[in-house]
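As stored in final-v8.txt (compact mmCIF, C-alpha atoms):
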```txt
# COMPACT_ATOMS: atom_id res chain seq x y z
CA MET A 3 -28.14 -60.58 3.36
CA SER A 4 -29.68 -61.27 -0.05
CA GLU A 5 -33.08 -62.88 -0.46
CA ARG A 6 -31.36 -65.86 -2.03
CA ALA A 7 -29.05 -66.27 0.91
CA ASN A 8 -32.01 -66.11 3.30
CA ASN A 9 -33.79 -68.77 1.30
CA ASN A 10 -30.90 -71.18 1.09
CA CYS A 11 -28.32 -70.65 3.80
CA ALA A 12 -29.82 -73.49 5.80
CA THR A 13 -28.57 -75.84 3.09
CA GLU A 14 -24.99 -76.68 3.95
CA ALA A 15 -24.21 -78.61 0.78
CA MET A 16 -20.85 -78.02 -0.87
CA ILE A 17 -21.51 -76.82 -4.40
CA ARG A 18 -19.33 -78.69 -6.88
CA HIS A 19 -20.84 -77.61 -10.21
CA ILE A 20 -21.67 -74.20 -11.68
CA TYR A 21 -23.49 -73.32 -14.89
CA VAL A 22 -23.28 -69.77 -16.27
CA HIS A 23 -25.73 -68.67 -18.96
CA ILE A 24 -24.54 -66.10 -21.50
CA PRO A 25 -27.59 -65.42 -23.72
CA PHE A 26 -26.02 -63.30 -26.46
CA CYS A 27 -25.87 -64.47 -30.07
CA ALA A 28 -24.71 -62.75 -33.25
CA ARG A 29 -27.65 -64.43 -34.99
CA ILE A 30 -30.74 -66.23 -33.70
CA CYS A 31 -30.87 -69.82 -34.96
CA PRO A 32 -34.40 -70.88 -36.02
CA TYR A 33 -34.29 -74.23 -34.18
CA CYS A 34 -32.97 -73.08 -30.79
CA ALA A 35 -35.32 -72.95 -27.80
CA PHE A 36 -32.77 -71.84 -25.19
CA TYR A 37 -33.12 -68.31 -23.83
CA LYS A 38 -31.08 -66.07 -26.14
CA GLU A 39 -30.94 -62.48 -27.38
CA LEU A 40 -29.23 -60.71 -30.25
CA LEU A 41 -25.89 -59.32 -29.13
CA ASP A 42 -26.11 -55.71 -27.97
CA ARG A 43 -22.63 -54.33 -27.23
CA SER A 44 -24.12 -51.49 -25.19
CA GLU A 45 -25.52 -53.99 -22.65
CA THR A 46 -22.75 -56.54 -22.26
CA ALA A 47 -20.48 -54.74 -19.78
CA ARG A 48 -23.35 -54.23 -17.33
CA PHE A 49 -24.40 -57.84 -17.83
CA CYS A 50 -20.90 -59.13 -17.02
CA GLU A 51 -20.89 -57.06 -13.83
CA ALA A 52 -24.25 -58.60 -12.87
CA ILE A 53 -22.92 -62.14 -13.39
CA LEU A 54 -20.10 -61.52 -10.92
CA ARG A 55 -22.47 -59.85 -8.46
CA ASP A 56 -24.75 -62.91 -8.72
CA LEU A 57 -21.74 -65.09 -7.94
CA ASP A 58 -21.11 -62.95 -4.87
CA GLN A 59 -24.71 -63.58 -3.74
CA GLN A 60 -24.22 -67.31 -4.23
CA ARG A 61 -20.99 -67.26 -2.21
CA ALA A 62 -22.90 -65.65 0.66
CA ALA A 63 -25.38 -68.54 0.59
CA PHE A 64 -23.29 -71.60 -0.19
CA ALA A 65 -19.89 -73.17 0.28
CA ILE A 66 -18.54 -73.34 -3.28
CA MET A 67 -15.57 -75.40 -4.46
CA PRO A 68 -16.38 -76.44 -8.02
CA ARG A 69 -15.22 -79.54 -9.82
CA SER A 70 -16.80 -78.24 -13.02
CA ILE A 71 -17.81 -74.89 -14.46
CA TYR A 72 -19.77 -74.61 -17.70
CA PHE A 73 -20.32 -71.37 -19.62
CA GLY A 74 -23.20 -71.99 -22.03
CA GLY A 75 -25.68 -69.95 -24.00
CA GLY A 76 -26.40 -68.36 -26.27
CA THR A 77 -22.81 -67.87 -27.33
CA PRO A 78 -20.33 -67.08 -24.54
CA THR A 79 -17.64 -66.30 -27.11
CA ALA A 80 -19.88 -63.58 -28.57
CA LEU A 81 -18.50 -61.49 -25.70
CA SER A 82 -15.31 -59.58 -26.45
CA THR A 83 -11.96 -60.90 -25.25
CA PRO A 84 -11.67 -58.19 -22.54
CA GLN A 85 -15.17 -59.03 -21.28
CA LEU A 86 -14.37 -62.74 -21.12
CA GLU A 87 -11.17 -61.89 -19.26
CA PHE A 88 -13.17 -59.75 -16.83
CA LEU A 89 -15.69 -62.56 -16.23
CA LEU A 90 -13.28 -65.47 -15.97
CA GLY A 91 -10.81 -63.42 -13.96
CA GLY A 92 -13.66 -62.51 -11.61
CA PHE A 93 -14.45 -66.19 -11.07
CA ARG A 94 -10.79 -66.93 -10.36
CA GLN A 95 -10.66 -64.15 -7.77
CA ARG A 96 -13.88 -65.10 -6.00
CA ILE A 97 -13.91 -68.88 -5.64
CA ASP A 98 -11.51 -71.66 -4.73
CA LEU A 99 -10.64 -73.49 -7.95
CA SER A 100 -8.20 -75.96 -6.41
CA ALA A 101 -10.59 -78.87 -7.01
CA LEU A 102 -11.58 -77.79 -10.54
CA GLU A 103 -11.35 -80.62 -13.05
CA GLU A 104 -13.21 -79.18 -16.02
CA TRP A 105 -14.00 -75.65 -17.19
CA THR A 106 -16.01 -75.62 -20.40
CA VAL A 107 -16.90 -72.69 -22.61
CA GLU A 108 -19.29 -73.07 -25.53
CA ALA A 109 -18.11 -71.40 -28.74
CA ASN A 110 -19.52 -70.77 -32.18
CA PRO A 111 -17.02 -71.01 -35.04
CA GLY A 112 -17.86 -67.48 -36.18
CA SER A 113 -16.72 -66.03 -32.84
CA VAL A 114 -13.38 -67.81 -32.33
CA SER A 115 -10.13 -65.88 -32.75
CA ALA A 116 -6.54 -66.74 -31.88
CA ARG A 117 -6.45 -63.99 -29.23
CA LYS A 118 -9.70 -65.12 -27.64
CA ALA A 119 -8.69 -68.79 -27.64
CA ALA A 120 -5.30 -68.01 -26.08
CA SER A 121 -6.92 -65.87 -23.41
CA LEU A 122 -9.46 -68.56 -22.48
CA CYS A 123 -6.70 -71.14 -22.19
CA LYS A 124 -4.53 -68.83 -20.06
CA LEU A 125 -7.43 -68.13 -17.68
CA GLY A 126 -7.97 -71.82 -16.92
CA VAL A 127 -10.61 -72.99 -19.39
CA ASN A 128 -9.60 -76.52 -20.38
CA ARG A 129 -12.55 -77.65 -22.51
CA ILE A 130 -14.28 -76.05 -25.49
CA SER A 131 -17.62 -77.14 -26.95
CA LEU A 132 -17.69 -76.00 -30.58
CA GLY A 133 -21.12 -75.64 -32.21
CA VAL A 134 -20.38 -76.93 -35.71
CA GLN A 135 -23.75 -78.74 -36.26
CA SER A 136 -22.93 -79.73 -39.86
CA TRP A 137 -20.16 -79.59 -42.45
CA ASP A 138 -22.70 -79.21 -45.26
CA GLU A 139 -22.99 -75.62 -46.51
CA ASP A 140 -26.67 -75.88 -47.47
CA LEU A 141 -27.63 -77.35 -44.11
CA LEU A 142 -25.66 -74.66 -42.27
CA LYS A 143 -27.68 -72.03 -44.15
CA LEU A 144 -30.92 -73.84 -43.31
CA LEU A 145 -29.91 -73.82 -39.64
CA GLY A 146 -29.22 -70.09 -39.76
CA ARG A 147 -25.62 -70.55 -38.64
CA GLU A 148 -23.30 -67.57 -38.96
CA HIS A 149 -20.34 -69.73 -40.01
CA ASN A 150 -19.50 -71.89 -43.02
CA ALA A 151 -17.68 -75.22 -43.02
CA SER A 152 -14.32 -73.63 -43.73
CA GLN A 153 -14.66 -71.26 -40.78
CA ALA A 154 -15.62 -74.16 -38.52
CA GLU A 155 -12.51 -76.12 -39.44
CA LYS A 156 -10.33 -73.03 -39.05
CA SER A 157 -11.83 -72.39 -35.59
CA PHE A 158 -11.08 -75.96 -34.54
CA GLN A 159 -7.45 -75.58 -35.59
CA ILE A 160 -7.17 -72.21 -33.81
CA LEU A 161 -8.33 -73.89 -30.59
CA ARG A 162 -5.81 -76.70 -31.03
CA ARG A 163 -2.95 -74.26 -31.61
CA ALA A 164 -4.02 -72.31 -28.52
CA GLY A 165 -3.39 -75.46 -26.47
CA PHE A 166 -6.83 -77.00 -26.03
CA SER A 167 -6.53 -80.78 -25.72
CA ASN A 168 -10.21 -81.36 -24.86
CA ILE A 169 -12.58 -80.18 -27.60
CA ASN A 170 -16.17 -81.25 -28.11
CA VAL A 171 -17.82 -80.89 -31.53
CA ASP A 172 -21.61 -80.45 -31.51
CA LEU A 173 -23.47 -82.03 -34.45
CA MET A 174 -27.14 -82.38 -35.43
CA PHE A 175 -28.99 -85.01 -37.46
CA GLY A 176 -32.58 -85.46 -38.56
CA LEU A 177 -32.50 -82.04 -40.23
CA PRO A 178 -35.08 -81.14 -42.91
CA GLY A 179 -33.86 -82.55 -46.21
CA GLN A 180 -30.72 -84.08 -44.71
CA THR A 181 -29.62 -87.31 -46.36
CA ILE A 182 -27.93 -90.30 -44.79
CA GLU A 183 -24.92 -89.68 -47.03
CA GLN A 184 -24.63 -86.07 -45.84
CA TRP A 185 -24.63 -87.31 -42.27
CA ARG A 186 -21.99 -89.94 -43.04
CA VAL A 187 -19.74 -87.28 -44.54
CA THR A 188 -20.26 -85.02 -41.50
CA LEU A 189 -19.34 -87.82 -39.08
CA GLU A 190 -16.27 -88.84 -41.07
CA LYS A 191 -15.13 -85.23 -41.43
CA THR A 192 -15.49 -84.74 -37.68
CA ILE A 193 -13.57 -87.92 -36.86
CA GLY A 194 -10.80 -86.72 -39.16
CA LEU A 195 -10.26 -83.70 -36.91
CA GLN A 196 -9.83 -86.04 -33.92
CA PRO A 197 -11.85 -84.18 -31.29
CA GLU A 198 -11.88 -85.75 -27.84
CA HIS A 199 -15.67 -85.59 -27.60
CA ILE A 200 -18.60 -85.55 -30.03
CA SER A 201 -22.19 -84.64 -29.17
CA ALA A 202 -24.68 -85.77 -31.81
CA TYR A 203 -28.24 -84.58 -31.26
CA CYS A 204 -31.39 -85.42 -33.17
CA LEU A 205 -33.27 -82.25 -34.12
CA THR A 206 -36.37 -81.69 -32.02
CA TYR A 207 -39.00 -79.16 -33.00
CA GLU A 208 -39.31 -77.02 -29.89
CA GLU A 209 -42.18 -74.63 -29.25
CA ASP A 210 -41.45 -70.92 -29.71
CA THR A 211 -39.00 -71.58 -32.55
CA GLU A 212 -39.24 -70.84 -36.23
CA PHE A 213 -38.68 -74.51 -37.05
CA PHE A 214 -41.66 -75.49 -34.89
CA LEU A 215 -43.88 -73.06 -36.78
CA ARG A 216 -42.64 -74.38 -40.12
CA GLN A 217 -43.32 -77.94 -39.00
CA SER A 218 -46.83 -77.00 -37.85
CA ARG A 219 -47.45 -75.51 -41.32
CA GLY A 220 -46.35 -78.77 -42.94
CA GLU A 221 -43.12 -77.37 -44.40
CA PHE A 222 -40.96 -79.70 -42.28
CA ARG A 223 -41.74 -83.26 -41.28
CA GLN A 224 -40.09 -85.54 -38.75
CA ASP A 225 -39.70 -89.22 -39.64
CA ALA A 226 -38.95 -91.50 -36.68
CA ASP A 227 -37.71 -94.33 -38.94
CA ILE A 228 -35.22 -92.08 -40.71
CA ASP A 229 -34.09 -90.58 -37.40
CA ALA A 230 -33.46 -94.12 -36.12
CA GLU A 231 -31.36 -94.81 -39.21
CA PHE A 232 -29.30 -91.68 -38.53
CA PHE A 233 -28.84 -92.74 -34.91
CA GLU A 234 -27.77 -96.27 -35.82
CA MET A 235 -25.20 -94.90 -38.26
CA THR A 236 -23.92 -92.50 -35.59
CA MET A 237 -23.35 -95.31 -33.10
CA SER A 238 -21.65 -97.55 -35.65
CA ILE A 239 -19.29 -94.99 -37.13
CA LEU A 240 -18.28 -93.28 -33.90
CA GLU A 241 -17.82 -96.48 -31.91
CA ASP A 242 -15.73 -97.97 -34.74
CA ALA A 243 -13.59 -94.83 -34.54
CA GLY A 244 -12.89 -95.44 -30.85
CA TYR A 245 -15.45 -93.17 -29.22
CA GLN A 246 -17.29 -94.54 -26.18
CA HIS A 247 -21.07 -94.05 -26.36
CA TYR A 248 -21.50 -93.03 -22.74
CA GLU A 249 -24.85 -91.20 -23.04
CA ILE A 250 -27.54 -91.30 -25.72
CA SER A 251 -26.26 -88.17 -27.48
CA ASN A 252 -22.63 -88.15 -26.32
CA TYR A 253 -19.46 -89.95 -27.39
CA ALA A 254 -15.98 -89.55 -25.95
CA ARG A 255 -12.45 -90.82 -26.21
CA PRO A 256 -11.56 -92.76 -23.04
CA GLY A 257 -11.14 -90.31 -20.17
CA PHE A 258 -12.88 -87.41 -21.91
CA SER A 259 -16.54 -87.78 -20.96
CA SER A 260 -18.04 -84.49 -19.76
CA ARG A 261 -17.59 -84.14 -16.00
CA HIS A 262 -20.20 -81.37 -15.86
CA ASN A 263 -22.90 -83.22 -17.78
CA ARG A 264 -22.31 -86.40 -15.80
CA ALA A 265 -23.05 -84.37 -12.66
CA TYR A 266 -26.46 -83.41 -14.08
CA TRP A 267 -27.24 -86.97 -15.10
CA SER A 268 -26.30 -88.38 -11.70
CA GLY A 269 -28.44 -85.85 -9.82
CA GLU A 270 -25.67 -83.86 -8.13
CA ASN A 271 -26.28 -80.36 -6.78
CA TYR A 272 -25.46 -77.46 -9.10
CA LEU A 273 -25.83 -73.69 -9.18
CA GLY A 274 -27.00 -71.72 -12.20
CA ILE A 275 -25.83 -68.15 -12.68
CA GLY A 276 -27.28 -65.81 -15.31
CA PRO A 277 -30.72 -65.22 -16.84
CA SER A 278 -32.94 -68.34 -17.18
CA ALA A 279 -30.34 -70.54 -15.43
CA PHE A 280 -31.62 -73.36 -13.22
CA SER A 281 -30.15 -74.41 -9.87
CA THR A 282 -30.87 -77.59 -7.93
CA VAL A 283 -29.66 -77.97 -4.34
CA GLY A 284 -31.05 -80.75 -2.20
CA MET A 285 -34.83 -80.83 -2.58
CA ARG A 286 -35.10 -77.30 -3.95
CA ARG A 287 -34.92 -76.10 -7.56
CA TRP A 288 -35.15 -72.57 -8.85
CA GLN A 289 -34.81 -70.67 -12.11
CA ASN A 290 -33.63 -67.12 -12.65
CA VAL A 291 -35.75 -64.69 -14.67
CA ALA A 292 -35.39 -65.29 -18.42
CA ASP A 293 -34.63 -61.68 -19.32
CA TYR A 294 -31.06 -60.43 -19.11
CA ARG A 295 -32.03 -56.81 -18.54
CA ALA A 296 -34.40 -57.67 -15.67
CA TYR A 297 -31.80 -60.10 -14.34
CA ALA A 298 -29.11 -57.39 -14.28
CA ASP A 299 -31.50 -54.84 -12.76
CA ARG A 300 -32.36 -57.19 -9.92
CA VAL A 301 -28.85 -58.38 -9.15
CA LEU A 302 -27.21 -54.95 -9.34
CA SER A 303 -29.84 -53.50 -6.98
CA GLY A 304 -29.20 -56.25 -4.43
CA GLN A 305 -32.36 -58.22 -5.18
CA SER A 306 -32.72 -61.92 -5.97
CA PRO A 307 -32.91 -62.79 -9.68
CA ILE A 308 -34.99 -65.90 -8.96
CA GLY A 309 -38.09 -66.05 -11.14
CA SER A 310 -39.60 -69.35 -9.99
CA THR A 311 -38.98 -72.06 -7.39
CA GLU A 312 -39.98 -75.69 -6.96
CA ASN A 313 -39.83 -77.91 -3.92
CA LEU A 314 -38.86 -81.35 -5.13
CA THR A 315 -40.34 -84.56 -3.77
CA SER A 316 -38.76 -87.98 -3.43
CA GLU A 317 -41.01 -89.14 -6.29
CA ILE A 318 -39.81 -86.36 -8.60
CA LYS A 319 -36.21 -87.24 -7.71
CA ARG A 320 -36.84 -90.93 -8.36
CA VAL A 321 -38.38 -90.28 -11.78
CA GLU A 322 -35.58 -87.93 -12.78
CA THR A 323 -32.92 -90.38 -11.64
CA ILE A 324 -34.44 -93.19 -13.71
CA ALA A 325 -34.95 -91.03 -16.81
CA LEU A 326 -31.45 -89.57 -16.76
CA SER A 327 -29.56 -92.68 -15.63
CA LEU A 328 -31.12 -94.85 -18.33
CA ARG A 329 -29.60 -92.57 -20.95
CA THR A 330 -26.08 -93.37 -19.73
CA ASN A 331 -23.88 -96.42 -20.26
CA LYS A 332 -23.95 -97.11 -16.50
CA GLY A 333 -27.72 -97.48 -16.49
CA VAL A 334 -30.09 -97.30 -13.56
CA SER A 335 -29.98 -99.18 -10.27
CA ALA A 336 -32.13 -102.31 -10.37
CA ALA A 337 -33.51 -101.33 -6.96
CA LEU A 338 -35.17 -98.25 -8.48
CA LEU A 339 -36.99 -100.43 -11.02
CA THR A 340 -38.28 -102.96 -8.46
CA PRO A 341 -41.90 -101.75 -8.94
CA PHE A 342 -41.56 -102.45 -12.68
CA GLN A 343 -40.41 -106.07 -12.68
CA ASN A 344 -42.87 -107.13 -15.38
CA GLU A 345 -41.75 -104.31 -17.65
CA THR A 346 -38.05 -104.97 -17.12
CA ARG A 347 -38.49 -108.69 -17.80
CA GLU A 348 -40.34 -107.87 -21.01
CA PHE A 349 -37.67 -105.41 -22.16
CA ILE A 350 -34.94 -107.94 -21.40
CA ALA A 351 -36.83 -110.55 -23.44
CA LEU A 352 -37.15 -108.05 -26.29
CA GLY A 353 -33.41 -107.35 -26.18
CA LEU A 354 -33.81 -103.72 -25.12
CA LEU A 355 -32.41 -104.02 -21.57
CA ARG A 356 -29.67 -106.07 -19.94
CA LYS A 357 -28.64 -106.39 -16.31
CA THR A 358 -25.04 -105.61 -15.42
CA ASP A 359 -23.46 -105.15 -11.97
CA GLY A 360 -26.83 -104.57 -10.32
CA ASN A 361 -27.95 -102.01 -12.90
CA PHE A 362 -30.30 -102.14 -15.86
CA VAL A 363 -28.59 -100.82 -18.98
CA LEU A 364 -30.02 -100.15 -22.43
CA THR A 365 -28.74 -102.48 -25.13
CA ARG A 366 -27.76 -101.13 -28.54
CA ALA A 367 -31.31 -101.80 -29.77
CA GLY A 368 -32.70 -100.27 -26.58
CA LYS A 369 -30.83 -97.01 -27.15
CA SER A 370 -32.86 -96.44 -30.29
CA LEU A 371 -36.04 -96.86 -28.24
CA ALA A 372 -34.83 -95.13 -25.07
CA ASP A 373 -37.86 -92.87 -24.75
CA LEU A 374 -40.26 -95.82 -25.01
CA VAL A 375 -38.40 -97.79 -22.34
CA THR A 376 -38.15 -94.80 -20.03
CA GLU A 377 -41.85 -93.97 -20.30
CA ALA A 378 -42.75 -97.52 -19.33
CA VAL A 379 -40.75 -97.44 -16.07
CA ILE A 380 -41.52 -93.97 -14.70
```
Write the structure described by the file as structure tokens, please.
Amino acid sequence: MSERANNNCATEAMIRHIYVHIPFCARICPYCAFYKELLDRSETARFCEAILRDLDQQRAAFAIMPRSIYFGGGTPTALSTPQLEFLLGGFRQRIDLSALEEWTVEANPGSVSARKAASLCKLGVNRISLGVQSWDEDLLKLLGREHNASQAEKSFQILRRAGFSNINVDLMFGLPGQTIEQWRVTLEKTIGLQPEHISAYCLTYEEDTEFFLRQSRGEFRQDADIDAEFFEMTMSILEDAGYQHYEISNYARPGFSSRHNRAYWSGENYLGIGPSAFSTVGMRRWQNVADYRAYADRVLSGQSPIGSTENLTSEIKRVETIALSLRTNKGVSAALLTPFQNETREFIALGLLRKTDGNFVLTRAGKSLADLVTEAVI
């Protein structure tokens, strides 16, 4: 039995959510802090074999019947169509998918083809998250994206023609030099395509990225007031277009909120497969080694790919529940905020919180100050 199975077989939880990390990218974006590597075609077949072997180890340790599967990265669609077919087919052969509601694959516009899209759809993927980021050519160049606006729109249409009726478009605001008008145009262009889901993230300068270094040198500067203006515009335009603002950075047509992400935010158990992937089951959390070669070496030799582990406490769980729940439109249970009655009363008086159905929920004004409110109650 594998080391992982020995460590976890005592946990009899049914695993309902799986994340798979595919770290390969055709180009490294200067703002991205996720574990990623330049695509090396000589390594990908062995890597795909390791992913399925890791899944086998997980099956030996846990009962798995997923409601959601999420292939993220990196760029999963940087893999060739035969490799994606090998991976997804391997998942279909190994686990019971009868309860599966959502299978998401992240895609970059530069790596979408009609053949690849049709294959993904045929194999059971029913949701695509397309990393557009911007429709402005200059901003796309600044972000180091491999696609242009025309390619992004073409990729979206290819996915539609392949049969995908649940597409998320990823966008970013607060970019260096970005204007409010550029952002308005990007939002309106996106709405015109009628995706079912839109994720709109404010740029953060993460350590170990080129953007962070450029900010530290004074080349880039973050302005909280301007970011708030971007955020306010995002809420107004997307809500007016019929998108429900169900989490700080996420908007969906009714019925199309992300099942997988909601599982994270509500503290459900999940398994992570692939290099750097996290898993949380019960009061235990672990992360695989953040090196795809070392990961493959370990898994293919029958060893555990776990790089670090953490035993969670009830206090850690409580803090995480508050921080994540407050970001959603359902809010956080009032019972969890009982120790912070003075703070909650003050935030209600300031118009940042409201109480609904036994939960505290951020108001529209509160969403712009979500981090401040969260810090005060954890």
Kindly give the distance, in Å, that separates atom CA of Ala154 of chain A and atom CA of Pro25 of chain A, rounded to a single decimal.
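Interatomic distance, atom CA of Ala154 of chain A to atom CA of Pro25 of chain A: 20.9 Å.
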To one decimal in Å, tell me the separation between atom CA of Asp42 of chain A and atom CA of Gly74 of chain A.
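Between atom CA of Asp42 of chain A and atom CA of Gly74 of chain A the gap works out to 17.6 Å.
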So that I can check the surroundings of segment 119-122 of chain A, please list as a PyMOL selection string every protein, DNA and RNA residue that reaches within 7 Å of it, counting all atoms listed in the file and ignoring chain neighbours fewer than 5 positions away.
chain A and resi 114+127+161+164
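If you look at atom CA of Phe36 of chain A and atom CA of Ser316 of chain A, they are 27.7 Å away from each other.
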When distances are computed from only C-alpha atoms, which of A:Ser260, A:Ser82, A:Thr236, A:Gln60 shows the smallest separation from Asn128 of chain A?
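Of the candidates, the smallest distance to Asn128 of chain A is held by A:Ser260.
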So that I can check the surroundings of Thr365 of chain A, please list as a VMD selection string every protein, DNA and RNA residue that reaches within 8 Å of it, counting all atoms listed in the file and ignoring chain neighbours fewer than 5 positions away.
chain A and resid 353 to 356
Given all atoms listed in the file as the counted atoms, nearest of A:His199, A:Arg295, A:Arg329, A:Arg261 to Ile71 of chain A:
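Selected residue with least distance to Ile71 of chain A: A:Arg261.
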Residues within 9 Å of Met237 of chain A, please, as a ChimeraX atom specification. Count all atoms listed in the file; anything in the same chain fewer than 4 positions from it doesn't count.
/A:232-233,241-242,247,253,366
Same residues, C-alpha atoms, output as an mmCIF file, in the coordinates of the input:
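Output (out.cif):
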```
data_model
loop_
_atom_site.group_PDB
_atom_site.id
_atom_site.type_symbol
_atom_site.label_atom_id
_atom_site.label_comp_id
_atom_site.auth_asym_id
_atom_site.auth_seq_id
_atom_site.Cartn_x
_atom_site.Cartn_y
_atom_site.Cartn_z
ATOM 1 C CA PHE A 232 -29.300 -91.680 -38.530
ATOM 2 C CA PHE A 233 -28.840 -92.740 -34.910
ATOM 3 C CA GLU A 241 -17.820 -96.480 -31.910
ATOM 4 C CA ASP A 242 -15.730 -97.970 -34.740
ATOM 5 C CA HIS A 247 -21.070 -94.050 -26.360
ATOM 6 C CA TYR A 253 -19.460 -89.950 -27.390
ATOM 7 C CA ARG A 366 -27.760 -101.130 -28.540
#
```
Quick one: of A:Arg48, A:Arg69, A:Lys332, A:Lys143, who's nearest to Arg29 of chain A, counting all atoms listed in the file?
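Between A:Arg48, A:Arg69, A:Lys332, A:Lys143, the residue approaching Arg29 of chain A most closely is A:Lys143.
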Please provide the set of residues having any atom within 10 Å of segment 278-280 of chain A, restricted to only C-alpha atoms, with same-chain residues fewer than 3 positions apart removed, written as a PyMOL selection string.
chain A and resi 21-25+36-38+74-75+272-275+287-294+297+307-311
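Residue nearest Thr83 of chain A within the list A:Gln135, A:Ser113, A:Gln343, A:Ser218: A:Ser113 [criterion: smallest interatomic distance, only C-alpha atoms].
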Could you check which of A:Asn263, A:Thr315, A:Ser327, A:Gln305 is closest to Gly284 of chain A, using all atoms listed in the file?
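Among the listed residues, the smallest separation from Gly284 of chain A belongs to A:Thr315.
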For Met285 of chain A, list every protein, DNA or RNA residue within 8 Å, evaluated using all atoms listed in the file, and leave out those in the same chain fewer than 3 positions away; present the list as a ChimeraX atom specification.
/A:282,313-315
When you count only C-alpha atoms, which of these residues is closest to Ala325 of chain A: A:Ile228, A:Ala378, A:Leu205, A:Ile20?
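Between A:Ile228, A:Ala378, A:Leu205, A:Ile20, the residue approaching Ala325 of chain A most closely is A:Ala378.
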